[in-house]
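Peer 1: Okay, here's the structure, questions in a sec.
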Amino acid sequence: MTATATPTVDATERVHLARAVAIAGRARGTTSPNPAVGCVLVRDGDEVGQGWTGPPGAPHAEVAALTAAGGAADGATALVTLEPCAHHGRTPPCTGALLAAGVRRVVVAHPDPNPQAAGGAEVLRANGVEVCFAPPVFRAWVAGDLEGFLTRVRTGRPHVTLKLAQTVDGHLAAPDPEQRWITGPLARRAVHRWRATVDAVLVGSGTVLADDPGLDVRDAALGDRPQPRPVVLDGRLQTPPDARVVTRGALVITRPDADEDARRALTAAGAEVIDVAVTDGGALDLDAALRSLADHGINTVLAEPGEVLGSALLAAGLVDRLVRHVAVGIGTGTPRPALDGDTTGWVTTRSGGAGDDLIWERVPADRLPAVQEVA
Ligand SMILES: NC(=O)c1ccc[n+]([C@@H]2O[C@H](COP(=O)([O-])OP(=O)(O)OC[C@H]3O[C@@H](n4cnc5c(N)ncnc54)[C@H](OP(=O)(O)O)[C@@H]3O)[C@@H](O)[C@H]2O)c1
């Protein structure tokens with residue numbers, strides 16, 4: 001499939017496509033492992049239907065929009081954020097629904113890289129429907145909303161954002177041991193907002209043992225989205241059965257030869273314990289662990305571990321975005337790197353104040369949506 005920019009997507013269609021992008025945002029965080037897609041149907045210049053992807057098993061965006069439009073879809077143009085799927089998954093192919101409804105033209109923001117579902121544009125064209133891919137700016141725009149889906153399809157693992165809170169001189173704990181949090185309420189609320197957009201929140205056993213975190217969304221609106229699944233990497237099954245994440249149904253990832261009694265106790269307390277292979281160095285294979293999350297329908301992960309797992313994720317090249325919450329007013333006087341791992345060549349995608357703290361986001365240059373999607 002050739003997904004080139006085309007001059008035939010006019011200004012009016014771009015406005016309708018922008019609306020489809022906005023509508024896709026309503027589905028964000030509710031559709032994994034499926035992508036969150038938006039669709040607008042336009043006939044004779046008027047919008048006649050709109051839809052967004054439902055939870056897994058529910059209609060895709062195109063079918064929701066066709067249902068809303070009814071007979072008005074006949075002869076309409078569909079403006080859709082991701083190329084319509086051409087395969088039978090949990091639901092029938094969207095290409096078939098568009099053809100059956102009599103849609104004449106389809107404008108697409110982003111091609112579908114999923115080898116199982118791709119080819120929708122060809123199927124539509126072969127059946128007499130005009131298909132246009134929108135200019136690259138739309139691909140870059142949509143790639144942000146689709147980052148979890150796109151990462152999983154391309155790599156077999158979820159998209160990983162690593163968040164850490166640090167002092168201005170790089171320590172992950174405040175100098176005063178009585179101080180529970182390094183950063184202030186605004187930065188912490190930003191973490192809850194971020195949790196509200198992801199499928200899973202990941203820590204290592206060290207953080208569970210030290211802090212007993214809930215890893216849930218408490219200080220942000222969840223809307224229709226489910227709580228993110230807590231995930232603990234725990235090679236020795238040290239997670240206590242009464243840990244808060246266990247009562248929330250945590251996925252605990254361990255090694256195949258982990259203690260059977262601990263495994264039974266965690267399972268009885270509500271956790272799901274799964275095994276992954278161990279590397280030659282004796283640690284849990286992080287790539288395999290993340291792939292097992294993808295097998296659980298998880299497209300996006302917010303990792304909030306301590307230094308040990310944070311450094312390991314970074315060193316393994318498994319971090320797609322690093323978010324530092326820097327308490328600029330707190331220092332220890334002994335500077336040190338906040339994490340091991342080389343971030344040379346990473347690009348700052350956002351930086352700004354949150355109360356007394358700085359939020360600083362960086363992405364490996366080759367994983368910027370604009371580079372990946374437009375190159
Ligand atoms: N400032 C922050 O942003 C922040 C965030 C979270 C926690 N913390 C603080 O960090 C401290 C805990 O530090 P931590 O570094 O021990 O926590 P951690 O990174 O969350 O957990 C580390 C543990 O994860 C397990 N793990 C499993 N597979 C691993 C792998 N492949 N690579 C690395 N680790 C793996 C290891 O235990 P096994 O060997 O048993 O598998 C390891 O000891 C606490 O004091 C907490 O308050 C700070």
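In the structure tokens, the first chain shown is A, the next is B, and so on; residue numbers restart at 1 for each chain, and ligands run from 1 in the order shown.
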Find the spatial neighbours of Val203 of chain A, counting only C-alpha atoms, within a cut-off of 8 Å - ignore same-chain residues fewer than 5 positions away - and output them as JSON, numbers by chain.

Peer 2: {"A": [208, 231, 232, 233, 303, 304, 305, 306, 309]}

Peer 1: Those residues with N, CA and C atoms, as a PDB file, in the first residue's frame please?

Peer 2:
```pdb
ATOM      1  N   VAL A 208       6.984  -1.875  45.909  1.00  0.00           N
ATOM      2  CA  VAL A 208       5.849  -2.426  46.676  1.00  0.00           C
ATOM      3  C   VAL A 208       6.258  -2.616  48.131  1.00  0.00           C
ATOM      4  N   VAL A 231       0.899  -3.752  37.847  1.00  0.00           N
ATOM      5  CA  VAL A 231       1.800  -4.849  37.452  1.00  0.00           C
ATOM      6  C   VAL A 231       3.066  -4.741  38.297  1.00  0.00           C
ATOM      7  N   VAL A 232       3.498  -5.890  38.849  1.00  0.00           N
ATOM      8  CA  VAL A 232       4.717  -5.909  39.672  1.00  0.00           C
ATOM      9  C   VAL A 232       5.696  -6.916  39.080  1.00  0.00           C
ATOM     10  N   LEU A 233       6.920  -6.469  38.849  1.00  0.00           N
ATOM     11  CA  LEU A 233       7.984  -7.398  38.464  1.00  0.00           C
ATOM     12  C   LEU A 233       8.648  -7.872  39.751  1.00  0.00           C
ATOM     13  N   ALA A 303       5.412   3.218  33.742  1.00  0.00           N
ATOM     14  CA  ALA A 303       6.301   2.580  34.712  1.00  0.00           C
ATOM     15  C   ALA A 303       6.657   3.607  35.775  1.00  0.00           C
ATOM     16  N   GLU A 304       6.417   3.251  37.041  1.00  0.00           N
ATOM     17  CA  GLU A 304       6.723   4.147  38.163  1.00  0.00           C
ATOM     18  C   GLU A 304       7.604   3.416  39.172  1.00  0.00           C
ATOM     19  N   PRO A 305       8.673   2.771  38.731  1.00  0.00           N
ATOM     20  CA  PRO A 305       9.481   1.978  39.648  1.00  0.00           C
ATOM     21  C   PRO A 305      10.521   2.831  40.355  1.00  0.00           C
ATOM     22  N   GLY A 306      11.320   2.173  41.164  1.00  0.00           N
ATOM     23  CA  GLY A 306      12.457   2.824  41.780  1.00  0.00           C
ATOM     24  C   GLY A 306      13.670   2.735  40.850  1.00  0.00           C
ATOM     25  N   LEU A 309      14.706  -1.049  38.832  1.00  0.00           N
ATOM     26  CA  LEU A 309      13.963  -1.414  37.624  1.00  0.00           C
ATOM     27  C   LEU A 309      13.971  -0.274  36.605  1.00  0.00           C
TER      28      LEU A 309
END
```

Peer 1: Excluding same-chain residues fewer than 6 positions from segment 353-361 of chain A, what lies within 8 Å of it counting only C-alpha atoms, as an mmCIF file with all heavy atoms, in the first residue's frame?

Peer 2:
```
data_model
loop_
_atom_site.group_PDB
_atom_site.id
_atom_site.type_symbol
_atom_site.label_atom_id
_atom_site.label_comp_id
_atom_site.auth_asym_id
_atom_site.auth_seq_id
_atom_site.Cartn_x
_atom_site.Cartn_y
_atom_site.Cartn_z
ATOM 1 N N THR A 183 7.969 15.464 45.189
ATOM 2 C CA THR A 183 7.322 16.552 44.444
ATOM 3 C C THR A 183 6.027 16.976 45.120
ATOM 4 O O THR A 183 5.500 16.288 46.000
ATOM 5 C CB THR A 183 7.038 16.100 43.001
ATOM 6 O OG1 THR A 183 6.366 14.845 43.053
ATOM 7 C CG2 THR A 183 8.320 15.964 42.211
ATOM 8 N N GLY A 184 5.496 18.103 44.657
ATOM 9 C CA GLY A 184 4.308 18.689 45.275
ATOM 10 C C GLY A 184 3.006 18.168 44.670
ATOM 11 O O GLY A 184 3.006 17.338 43.757
ATOM 12 N N PRO A 185 1.877 18.698 45.165
ATOM 13 C CA PRO A 185 0.565 18.164 44.767
ATOM 14 C C PRO A 185 0.256 18.309 43.278
ATOM 15 O O PRO A 185 -0.374 17.433 42.704
ATOM 16 C CB PRO A 185 -0.428 18.975 45.615
ATOM 17 C CG PRO A 185 0.351 20.059 46.277
ATOM 18 C CD PRO A 185 1.793 19.699 46.225
ATOM 19 N N LEU A 186 0.727 19.379 42.646
ATOM 20 C CA LEU A 186 0.401 19.541 41.216
ATOM 21 C C LEU A 186 1.081 18.469 40.369
ATOM 22 O O LEU A 186 0.476 17.898 39.461
ATOM 23 C CB LEU A 186 0.795 20.936 40.726
ATOM 24 C CG LEU A 186 -0.123 22.084 41.152
ATOM 25 C CD1 LEU A 186 0.340 23.378 40.504
ATOM 26 C CD2 LEU A 186 -1.566 21.792 40.778
ATOM 27 N N ALA A 187 2.342 18.205 40.659
ATOM 28 C CA ALA A 187 3.056 17.162 39.904
ATOM 29 C C ALA A 187 2.432 15.794 40.186
ATOM 30 O O ALA A 187 2.292 14.964 39.281
ATOM 31 C CB ALA A 187 4.541 17.166 40.271
ATOM 32 N N ARG A 321 9.350 6.851 26.438
ATOM 33 C CA ARG A 321 9.247 8.245 26.890
ATOM 34 C C ARG A 321 9.704 8.276 28.350
ATOM 35 O O ARG A 321 9.323 7.423 29.149
ATOM 36 C CB ARG A 321 7.799 8.734 26.799
ATOM 37 C CG ARG A 321 7.626 10.182 27.242
ATOM 38 C CD ARG A 321 6.161 10.589 27.335
ATOM 39 N NE ARG A 321 5.487 10.653 26.061
ATOM 40 C CZ ARG A 321 4.489 9.855 25.680
ATOM 41 N NH1 ARG A 321 4.034 8.948 26.500
ATOM 42 N NH2 ARG A 321 3.940 9.972 24.492
ATOM 43 N N LEU A 322 10.541 9.242 28.668
ATOM 44 C CA LEU A 322 11.005 9.405 30.055
ATOM 45 C C LEU A 322 10.428 10.708 30.587
ATOM 46 O O LEU A 322 10.627 11.771 29.992
ATOM 47 C CB LEU A 322 12.537 9.448 30.080
ATOM 48 C CG LEU A 322 13.210 9.720 31.422
ATOM 49 C CD1 LEU A 322 12.839 8.659 32.458
ATOM 50 C CD2 LEU A 322 14.742 9.752 31.252
ATOM 51 N N VAL A 323 9.679 10.608 31.679
ATOM 52 C CA VAL A 323 9.075 11.801 32.278
ATOM 53 C C VAL A 323 9.707 12.007 33.643
ATOM 54 O O VAL A 323 9.528 11.190 34.554
ATOM 55 C CB VAL A 323 7.541 11.649 32.437
ATOM 56 C CG1 VAL A 323 6.948 12.905 33.041
ATOM 57 C CG2 VAL A 323 6.892 11.349 31.093
ATOM 58 N N ARG A 324 10.468 13.077 33.749
ATOM 59 C CA ARG A 324 11.081 13.395 35.038
ATOM 60 C C ARG A 324 10.259 14.469 35.726
ATOM 61 O O ARG A 324 9.946 15.494 35.116
ATOM 62 C CB ARG A 324 12.495 13.938 34.847
ATOM 63 C CG ARG A 324 13.486 12.962 34.293
ATOM 64 C CD ARG A 324 14.799 13.693 34.027
ATOM 65 N NE ARG A 324 15.709 12.897 33.239
ATOM 66 C CZ ARG A 324 16.635 12.103 33.746
ATOM 67 N NH1 ARG A 324 16.790 11.995 35.051
ATOM 68 N NH2 ARG A 324 17.429 11.412 32.959
ATOM 69 N N HIS A 325 9.926 14.221 36.979
ATOM 70 C CA HIS A 325 9.310 15.258 37.813
ATOM 71 C C HIS A 325 10.424 15.740 38.741
ATOM 72 O O HIS A 325 10.851 15.018 39.648
ATOM 73 C CB HIS A 325 8.133 14.697 38.607
ATOM 74 C CG HIS A 325 6.924 14.457 37.751
ATOM 75 N ND1 HIS A 325 5.684 14.189 38.278
ATOM 76 C CD2 HIS A 325 6.761 14.468 36.406
ATOM 77 C CE1 HIS A 325 4.809 14.050 37.288
ATOM 78 N NE2 HIS A 325 5.448 14.194 36.147
ATOM 79 N N VAL A 326 10.899 16.943 38.477
ATOM 80 C CA VAL A 326 12.085 17.428 39.165
ATOM 81 C C VAL A 326 11.685 18.458 40.225
ATOM 82 O O VAL A 326 11.092 19.501 39.901
ATOM 83 C CB VAL A 326 13.080 18.075 38.177
ATOM 84 C CG1 VAL A 326 14.362 18.467 38.901
ATOM 85 C CG2 VAL A 326 13.380 17.145 37.010
ATOM 86 N N ALA A 327 11.982 18.140 41.481
ATOM 87 C CA ALA A 327 11.739 19.091 42.567
ATOM 88 C C ALA A 327 12.912 20.066 42.573
ATOM 89 O O ALA A 327 13.954 19.803 43.183
ATOM 90 C CB ALA A 327 11.638 18.349 43.899
ATOM 91 N N VAL A 328 12.748 21.185 41.856
ATOM 92 C CA VAL A 328 13.893 22.071 41.641
ATOM 93 C C VAL A 328 14.355 22.740 42.941
ATOM 94 O O VAL A 328 15.492 23.177 43.043
ATOM 95 C CB VAL A 328 13.589 23.133 40.556
ATOM 96 C CG1 VAL A 328 13.532 22.504 39.188
ATOM 97 C CG2 VAL A 328 12.311 23.879 40.844
ATOM 98 N N GLY A 329 13.487 22.781 43.951
ATOM 99 C CA GLY A 329 13.855 23.428 45.209
ATOM 100 C C GLY A 329 14.479 22.479 46.213
ATOM 101 O O GLY A 329 14.850 22.886 47.311
#
```

Peer 1: Give me, as a list of chain:residue names, the set of residues whose atoms come within 6 Å of any atom of ligand 1, counting only C-alpha atoms and all ligand atoms.

Peer 2: A:Leu164, A:Ala165, A:Gln166, A:Leu172, A:Ala173, A:Val203, A:Gly204, A:Ser205, A:Gly206, A:Thr207, A:Ala210, A:Asp211, A:Leu233, A:Asp234, A:Gly235, A:Arg236, A:Ala283, A:Leu284, A:Asp285, A:Leu286, A:Glu304, A:Pro305, A:Gly306, A:Glu307, A:Val308, A:Leu309, A:Gly310, A:Ala312

Peer 1: Just the residues within 12 Å of Cys39 of chain A, please, counting only C-alpha atoms, with nothing from its chain fewer than 5 positions along; format it as a count of residues only.

Peer 2: 44

Peer 1: Mind listing the alpha helix (DSSP H) residues of segment 288-361 of chain A, per DSSP on the backbone, as a list of chain:residue names?

Peer 2: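 Across segment 288-361 of chain A, those assigned alpha helix (DSSP H) are A:Ala288, A:Ala289, A:Leu290, A:Arg291, A:Ser292, A:Leu293, A:Ala294, A:Asp295, A:Glu307, A:Val308, A:Leu309, A:Gly310, A:Ser311, A:Ala312, A:Leu313, A:Leu314, A:Ala315.
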
Peer 1: Quick one: residues within 12 Å of Gly102 of chain A, only C-alpha atoms, excluding same-chain residues fewer than 6 positions away - as a CSV table (one decimal) with N, CA and C atoms, in the first residue's frame?

Peer 2:
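Once everything was written out, this is out35.csv:
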```
chain,number,residue,atom,x,y,z
A,41,LEU,N,-18.9,10.8,9.1
A,41,LEU,CA,-19.5,10.6,7.8
A,41,LEU,C,-20.1,11.9,7.3
A,43,ARG,N,-22.1,13.9,4.1
A,43,ARG,CA,-22.8,13.8,2.7
A,43,ARG,C,-23.3,15.2,2.3
A,66,LEU,N,-21.7,4.5,11.0
A,66,LEU,CA,-22.7,4.1,10.0
A,66,LEU,C,-24.0,3.8,10.7
A,69,ALA,N,-25.6,7.1,11.2
A,69,ALA,CA,-26.1,7.8,10.0
A,69,ALA,C,-27.3,7.1,9.3
A,70,GLY,N,-27.4,5.8,9.5
A,70,GLY,CA,-28.5,5.0,8.9
A,70,GLY,C,-28.4,5.2,7.4
A,71,GLY,N,-29.5,5.4,6.7
A,71,GLY,CA,-29.6,5.5,5.2
A,71,GLY,C,-28.8,6.6,4.7
A,72,ALA,N,-28.5,7.6,5.5
A,72,ALA,CA,-27.8,8.8,5.0
A,72,ALA,C,-26.3,8.5,4.7
A,73,ALA,N,-25.9,7.3,5.1
A,73,ALA,CA,-24.5,6.9,4.7
A,73,ALA,C,-24.3,6.6,3.2
A,74,ASP,N,-25.4,6.3,2.6
A,74,ASP,CA,-25.4,6.0,1.1
A,74,ASP,C,-24.8,7.2,0.3
A,75,GLY,N,-23.7,7.0,-0.3
A,75,GLY,CA,-23.1,8.0,-1.1
A,75,GLY,C,-22.2,9.0,-0.3
A,76,ALA,N,-22.0,8.7,1.0
A,76,ALA,CA,-21.3,9.6,1.9
A,76,ALA,C,-19.8,9.4,1.8
A,77,THR,N,-19.0,10.4,2.3
A,77,THR,CA,-17.6,10.2,2.5
A,77,THR,C,-17.3,9.9,4.0
A,78,ALA,N,-16.5,8.9,4.2
A,78,ALA,CA,-16.1,8.6,5.6
A,78,ALA,C,-14.7,9.2,5.9
A,95,THR,N,-14.3,-2.7,6.3
A,95,THR,CA,-14.4,-2.4,4.9
A,95,THR,C,-15.8,-2.9,4.4
A,96,GLY,N,-16.2,-4.1,4.8
A,96,GLY,CA,-17.5,-4.7,4.4
A,96,GLY,C,-18.6,-3.8,4.8
A,124,LEU,N,-11.2,-1.5,-0.4
A,124,LEU,CA,-12.2,-0.5,-0.8
A,124,LEU,C,-12.0,-0.1,-2.2
A,127,ASN,N,-13.3,-2.2,-4.8
A,127,ASN,CA,-14.7,-2.2,-4.9
A,127,ASN,C,-15.3,-0.9,-5.3
A,128,GLY,N,-14.4,-0.1,-5.9
A,128,GLY,CA,-14.9,1.2,-6.5
A,128,GLY,C,-15.0,2.4,-5.6
A,129,VAL,N,-14.4,2.2,-4.3
A,129,VAL,CA,-14.5,3.4,-3.4
A,129,VAL,C,-13.2,4.2,-3.6
A,130,GLU,N,-13.3,5.5,-3.6
A,130,GLU,CA,-12.1,6.4,-3.7
A,130,GLU,C,-11.5,6.5,-2.3
```

Peer 1: If you count only C-alpha atoms, which residues fall within 12 Å of segment 146-157 of chain A, apart from same-chain ones fewer than 6 positions away, as a ChimeraX atom specification?

Peer 2: /A:21,24-25,27-29,31-38,81-82,109-118,138-140,197-200,286-302,318-321,367-370,372-373
